[in-house]
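In what follows, a structure is listed as structure tokens, so that the remarks can point back to it.
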Amino acid sequence: MAMPSAREKGVPHRAGACSGALLLALGTAFPVHAQMTWRSAPEMVVHEPGGAGGHDGHGRRSTGIYLRNGNDAVVSLWNPSLVQSPLAPAKPDGQVVVRPTGVDNYHLLVAKRQSPAGEEVALRYMYMRGKPSDESPSRLLGATKVTLEIVPSPLPREHWRYQTSTPAVFIIRLDGKPLPGQPVRLVTTNGTLMEALTDQAGKVRFQLPEDFSHVLPGRESNVPAEFIVSTAYGHGDSRHLTSLSAQYHVNPSHWESSLGGMFALLAGFVGGMALWRRLPTEGRSP
Amino acid sequence: MNVSLLRKLVQLAAFVFLVYGSVVVGFYSADKLSGAFPVLACAYDVQTADYCTLIPFQHQMDHRLGAAIVAGTSVLAALMPTLITLATFLVLFVLLNKAFCGWVCPLGFFQEVMGMLGQKLGLQRAASLSQATVRRVRPVKWVILVVLVFGIPVLAGMGLLDHSLGSPYCSICPSRILTTLASGNGSQLVLDTSSAGALVLSLTGALLFGLTASLSMKMRQPFCRVCPMLAMHAVFRKLGLVRLIKNAKPRCEKCGLCAEACPMDIREIHTEMTKKDVTFEDCTLCGRCVEFCPDQDVLQLKYAFVPVFSADPRYFKQRKKAQSRWEGGNLLAWWRAHRERV
């Protein structure tokens, strides 16, 4: 993986303070940074594996998700078996209704907007419950869905999710092939902006920022925030701008103590040693 | 090579595969072998090849059954995923029966390794626990299975208990800490201060892991005796293809080496004189009793009625010698001999 510069290393700064100089200038008619992005509705959080708790049916009900700045975008849903289904366009307030497909595992929401200036794409992986699909998310991730693609490496899974102070890694692909040296930007809904370049394998790594202003003890007590990864690529007349959004959570280290855990383990070990004397020592022991 | 050594090699291979096997099978839950494995492999270890059946059971009690009871919807429909998980568990379980405990479980292997470490450090191995102690301890695994794996998660799902108590057994399981630490992840060895319940569970988990580690150095398989997976196995042990069979002879009454060799202190292997199938509820089918039985074919491990390992006087003698050689060398003895020489 390429070693980024100080700013590229993911030293977070507030959104708006950056000139966006890393991204390519693609002409005045085409946006330089992602404008069309998926966002979970504030009142109806998209449920992801290991996501914030609550019993909402775990992806079995219709899910409301919002497409920001998605006018005229064509929306579709890829299921784990790579079957693509068209969805109704976003409502005026941006809401897109996603009905359950009946199979479990990750699905991909794709919003695509074509203009003479280029192609703009917004991606969002959603976990849905249902009958076992017998498909690994690796199949959906590995398939080429759009020209310029941001691929999570890996997606969250049970007992592993995006959280602050942990790395989030993505692969940038152009026509299914890794894109080295590509500038990538990550912004969070908490106001952090980070930029980095992909390495030779097309991978880019961001340390998710510790940018929650109010943290309460307990996983269930903190509403997740969202990050948006975006990248733009231009070659000749071909111009592409892609975003990928996902939730990230407060790191549990705020209310969990590793030192306390080690002391407890040590106490248990010493307690066990204290019990050694009480164990029987007589008798044969083959 | 004796059976104990072969078993250690199988355990080592199983440990490596179960703890780091995602590089082979894949990272995602859908990639795992079954999602209902009959040993304490852990989903908190993101590199695992599979995870134990107790995890989905707790989630299903919490998210499905508890919620269905509160909503007044069909309990049978809510139990369907549990039945599918149980069926998956049984398909695997039938193949090896309780030998999953004695031959495959990462936590069982860890306890045996700690025992070997204790022996090599010169700690005198404790003798068999008294019958009274064994009898007092035996019900604990059933209580843990009923209360922590099924009871409390249902109550949490019904909203009668805090949602952080949705998977209480996982919160105290020593294998969760063992397998995550083994894969370089310290995130599970913590005290969770977010609520009183979470604090009690995380404290219990860390204490229990420390206790298991140190007790294993002096006594055999301390955690296995209270493991809820052992209780799960006990329920279905009549379905398994592997069995421990006894062809009792009058000499058995005076011997008792089998019970002394048993790491779970099952005296009934010695005292049972009528039943053929002596795969008792605490048996892990490790085969140690067969190794240390001095009479031809009195004890046998059978796979689908076919003997795969039988007691043999010649094997017994060789095995005793090998055991004496193994127990002869330890750090304390070496240090004492060194001091005497000096």
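Note on naming: chains are A, B, ... as they come in the structure tokens, residues start from 1 per chain, ligands start from 1 in the order shown.
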Hey, which bits of chain A sit within 9 Å of chain B, and for each residue what's the closest pair of atoms and how far apart in Å (one decimal), counting only C-alpha atoms, rows by chain and increasing number, as JSON lines?
```
{"residue": "A:Gly53", "atom": "CA", "partner": "B:His163", "partner_atom": "CA", "distance": 8.2}
{"residue": "A:Gly54", "atom": "CA", "partner": "B:His163", "partner_atom": "CA", "distance": 8.5}
{"residue": "A:His55", "atom": "CA", "partner": "B:His63", "partner_atom": "CA", "distance": 7.1}
{"residue": "A:Gly57", "atom": "CA", "partner": "B:His63", "partner_atom": "CA", "distance": 8.7}
{"residue": "A:His58", "atom": "CA", "partner": "B:His63", "partner_atom": "CA", "distance": 8.8}
{"residue": "A:Asn105", "atom": "CA", "partner": "B:Ala30", "partner_atom": "CA", "distance": 7.9}
{"residue": "A:Pro132", "atom": "CA", "partner": "B:Ala30", "partner_atom": "CA", "distance": 8.6}
{"residue": "A:Ser133", "atom": "CA", "partner": "B:Ala30", "partner_atom": "CA", "distance": 8.6}
{"residue": "A:Asp134", "atom": "CA", "partner": "B:Ala30", "partner_atom": "CA", "distance": 6.9}
{"residue": "A:Glu135", "atom": "CA", "partner": "B:Ala30", "partner_atom": "CA", "distance": 6.7}
{"residue": "A:Ser136", "atom": "CA", "partner": "B:Ala30", "partner_atom": "CA", "distance": 5.4}
{"residue": "A:Pro137", "atom": "CA", "partner": "B:Tyr28", "partner_atom": "CA", "distance": 7.0}
{"residue": "A:Ser138", "atom": "CA", "partner": "B:Tyr28", "partner_atom": "CA", "distance": 8.0}
{"residue": "A:Pro154", "atom": "CA", "partner": "B:Phe27", "partner_atom": "CA", "distance": 8.0}
{"residue": "A:Leu155", "atom": "CA", "partner": "B:Tyr28", "partner_atom": "CA", "distance": 8.4}
{"residue": "A:Pro156", "atom": "CA", "partner": "B:Tyr28", "partner_atom": "CA", "distance": 8.4}
{"residue": "A:Arg157", "atom": "CA", "partner": "B:Tyr28", "partner_atom": "CA", "distance": 6.2}
{"residue": "A:Glu158", "atom": "CA", "partner": "B:Ser29", "partner_atom": "CA", "distance": 7.0}
{"residue": "A:His159", "atom": "CA", "partner": "B:Tyr44", "partner_atom": "CA", "distance": 5.5}
{"residue": "A:Trp160", "atom": "CA", "partner": "B:Val46", "partner_atom": "CA", "distance": 7.1}
{"residue": "A:Leu216", "atom": "CA", "partner": "B:Ser194", "partner_atom": "CA", "distance": 8.4}
{"residue": "A:Pro217", "atom": "CA", "partner": "B:Ser194", "partner_atom": "CA", "distance": 4.7}
{"residue": "A:Gly218", "atom": "CA", "partner": "B:Ser194", "partner_atom": "CA", "distance": 4.7}
{"residue": "A:Arg219", "atom": "CA", "partner": "B:Ser194", "partner_atom": "CA", "distance": 8.1}
{"residue": "A:Glu220", "atom": "CA", "partner": "B:Ser164", "partner_atom": "CA", "distance": 8.4}
{"residue": "A:Pro252", "atom": "CA", "partner": "B:Asp192", "partner_atom": "CA", "distance": 8.5}
{"residue": "A:Ser253", "atom": "CA", "partner": "B:Ser187", "partner_atom": "CA", "distance": 8.5}
{"residue": "A:Trp255", "atom": "CA", "partner": "B:Thr193", "partner_atom": "CA", "distance": 5.4}
{"residue": "A:Glu256", "atom": "CA", "partner": "B:Asp192", "partner_atom": "CA", "distance": 4.4}
{"residue": "A:Ser257", "atom": "CA", "partner": "B:Leu191", "partner_atom": "CA", "distance": 5.0}
{"residue": "A:Ser258", "atom": "CA", "partner": "B:Val190", "partner_atom": "CA", "distance": 4.4}
{"residue": "A:Leu259", "atom": "CA", "partner": "B:Val190", "partner_atom": "CA", "distance": 7.1}
{"residue": "A:Gly260", "atom": "CA", "partner": "B:Leu191", "partner_atom": "CA", "distance": 5.5}
{"residue": "A:Gly261", "atom": "CA", "partner": "B:Val190", "partner_atom": "CA", "distance": 3.9}
{"residue": "A:Met262", "atom": "CA", "partner": "B:Leu189", "partner_atom": "CA", "distance": 6.7}
{"residue": "A:Phe263", "atom": "CA", "partner": "B:Ala206", "partner_atom": "CA", "distance": 8.5}
{"residue": "A:Ala264", "atom": "CA", "partner": "B:Leu207", "partner_atom": "CA", "distance": 5.2}
{"residue": "A:Leu265", "atom": "CA", "partner": "B:Gly210", "partner_atom": "CA", "distance": 4.5}
{"residue": "A:Leu266", "atom": "CA", "partner": "B:Gly210", "partner_atom": "CA", "distance": 6.0}
{"residue": "A:Ala267", "atom": "CA", "partner": "B:Leu207", "partner_atom": "CA", "distance": 6.4}
{"residue": "A:Gly268", "atom": "CA", "partner": "B:Leu207", "partner_atom": "CA", "distance": 4.1}
{"residue": "A:Phe269", "atom": "CA", "partner": "B:Gly210", "partner_atom": "CA", "distance": 4.1}
{"residue": "A:Val270", "atom": "CA", "partner": "B:Ser214", "partner_atom": "CA", "distance": 7.4}
{"residue": "A:Gly271", "atom": "CA", "partner": "B:Leu211", "partner_atom": "CA", "distance": 6.4}
{"residue": "A:Gly272", "atom": "CA", "partner": "B:Leu211", "partner_atom": "CA", "distance": 4.7}
{"residue": "A:Met273", "atom": "CA", "partner": "B:Ser214", "partner_atom": "CA", "distance": 6.0}
{"residue": "A:Leu275", "atom": "CA", "partner": "B:Leu215", "partner_atom": "CA", "distance": 7.6}
{"residue": "A:Trp276", "atom": "CA", "partner": "B:Lys218", "partner_atom": "CA", "distance": 6.7}
{"residue": "A:Leu279", "atom": "CA", "partner": "B:Ala126", "partner_atom": "CA", "distance": 5.9}
{"residue": "A:Pro280", "atom": "CA", "partner": "B:Ala127", "partner_atom": "CA", "distance": 5.5}
{"residue": "A:Thr281", "atom": "CA", "partner": "B:Ala126", "partner_atom": "CA", "distance": 4.9}
{"residue": "A:Glu282", "atom": "CA", "partner": "B:Ala127", "partner_atom": "CA", "distance": 5.9}
{"residue": "A:Gly283", "atom": "CA", "partner": "B:Ala127", "partner_atom": "CA", "distance": 5.9}
{"residue": "A:Arg284", "atom": "CA", "partner": "B:Glu260", "partner_atom": "CA", "distance": 6.9}
{"residue": "A:Ser285", "atom": "CA", "partner": "B:Glu260", "partner_atom": "CA", "distance": 5.9}
{"residue": "A:Pro286", "atom": "CA", "partner": "B:Ala261", "partner_atom": "CA", "distance": 5.4}
```
As a PyMOL selection string, please: every residue in range 58-237 of chain A that DSSP puts in alpha helix (DSSP H). chain A and resi 137-142
Any chance you could export the current selection's N, CA and C atoms as a tab-separated table (two decimals), in the first residue's frame?
```tsv
chain	number	residue	atom	x	y	z
A	137	PRO	N	-20.64	-12.54	0.35
A	137	PRO	CA	-20.54	-11.14	-0.12
A	137	PRO	C	-19.36	-10.93	-1.05
A	138	SER	N	-18.39	-11.82	-0.99
A	138	SER	CA	-17.22	-11.70	-1.86
A	138	SER	C	-17.64	-11.70	-3.33
A	139	ARG	N	-18.72	-12.42	-3.64
A	139	ARG	CA	-19.16	-12.49	-5.04
A	139	ARG	C	-19.68	-11.12	-5.50
A	140	LEU	N	-20.49	-10.50	-4.63
A	140	LEU	CA	-21.03	-9.18	-4.98
A	140	LEU	C	-19.90	-8.15	-5.05
A	141	LEU	N	-18.97	-8.24	-4.10
A	141	LEU	CA	-17.86	-7.28	-4.09
A	141	LEU	C	-16.97	-7.47	-5.31
A	142	GLY	N	-16.79	-8.72	-5.72
A	142	GLY	CA	-15.85	-9.00	-6.80
A	142	GLY	C	-16.38	-8.65	-8.18
```
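Each of B:Thr88, B:Ser167, B:Asn2, B:Gln296 was checked against Gln60 in chain B using only C-alpha atoms; the smallest atom-to-atom distance is that of B:Ser167.
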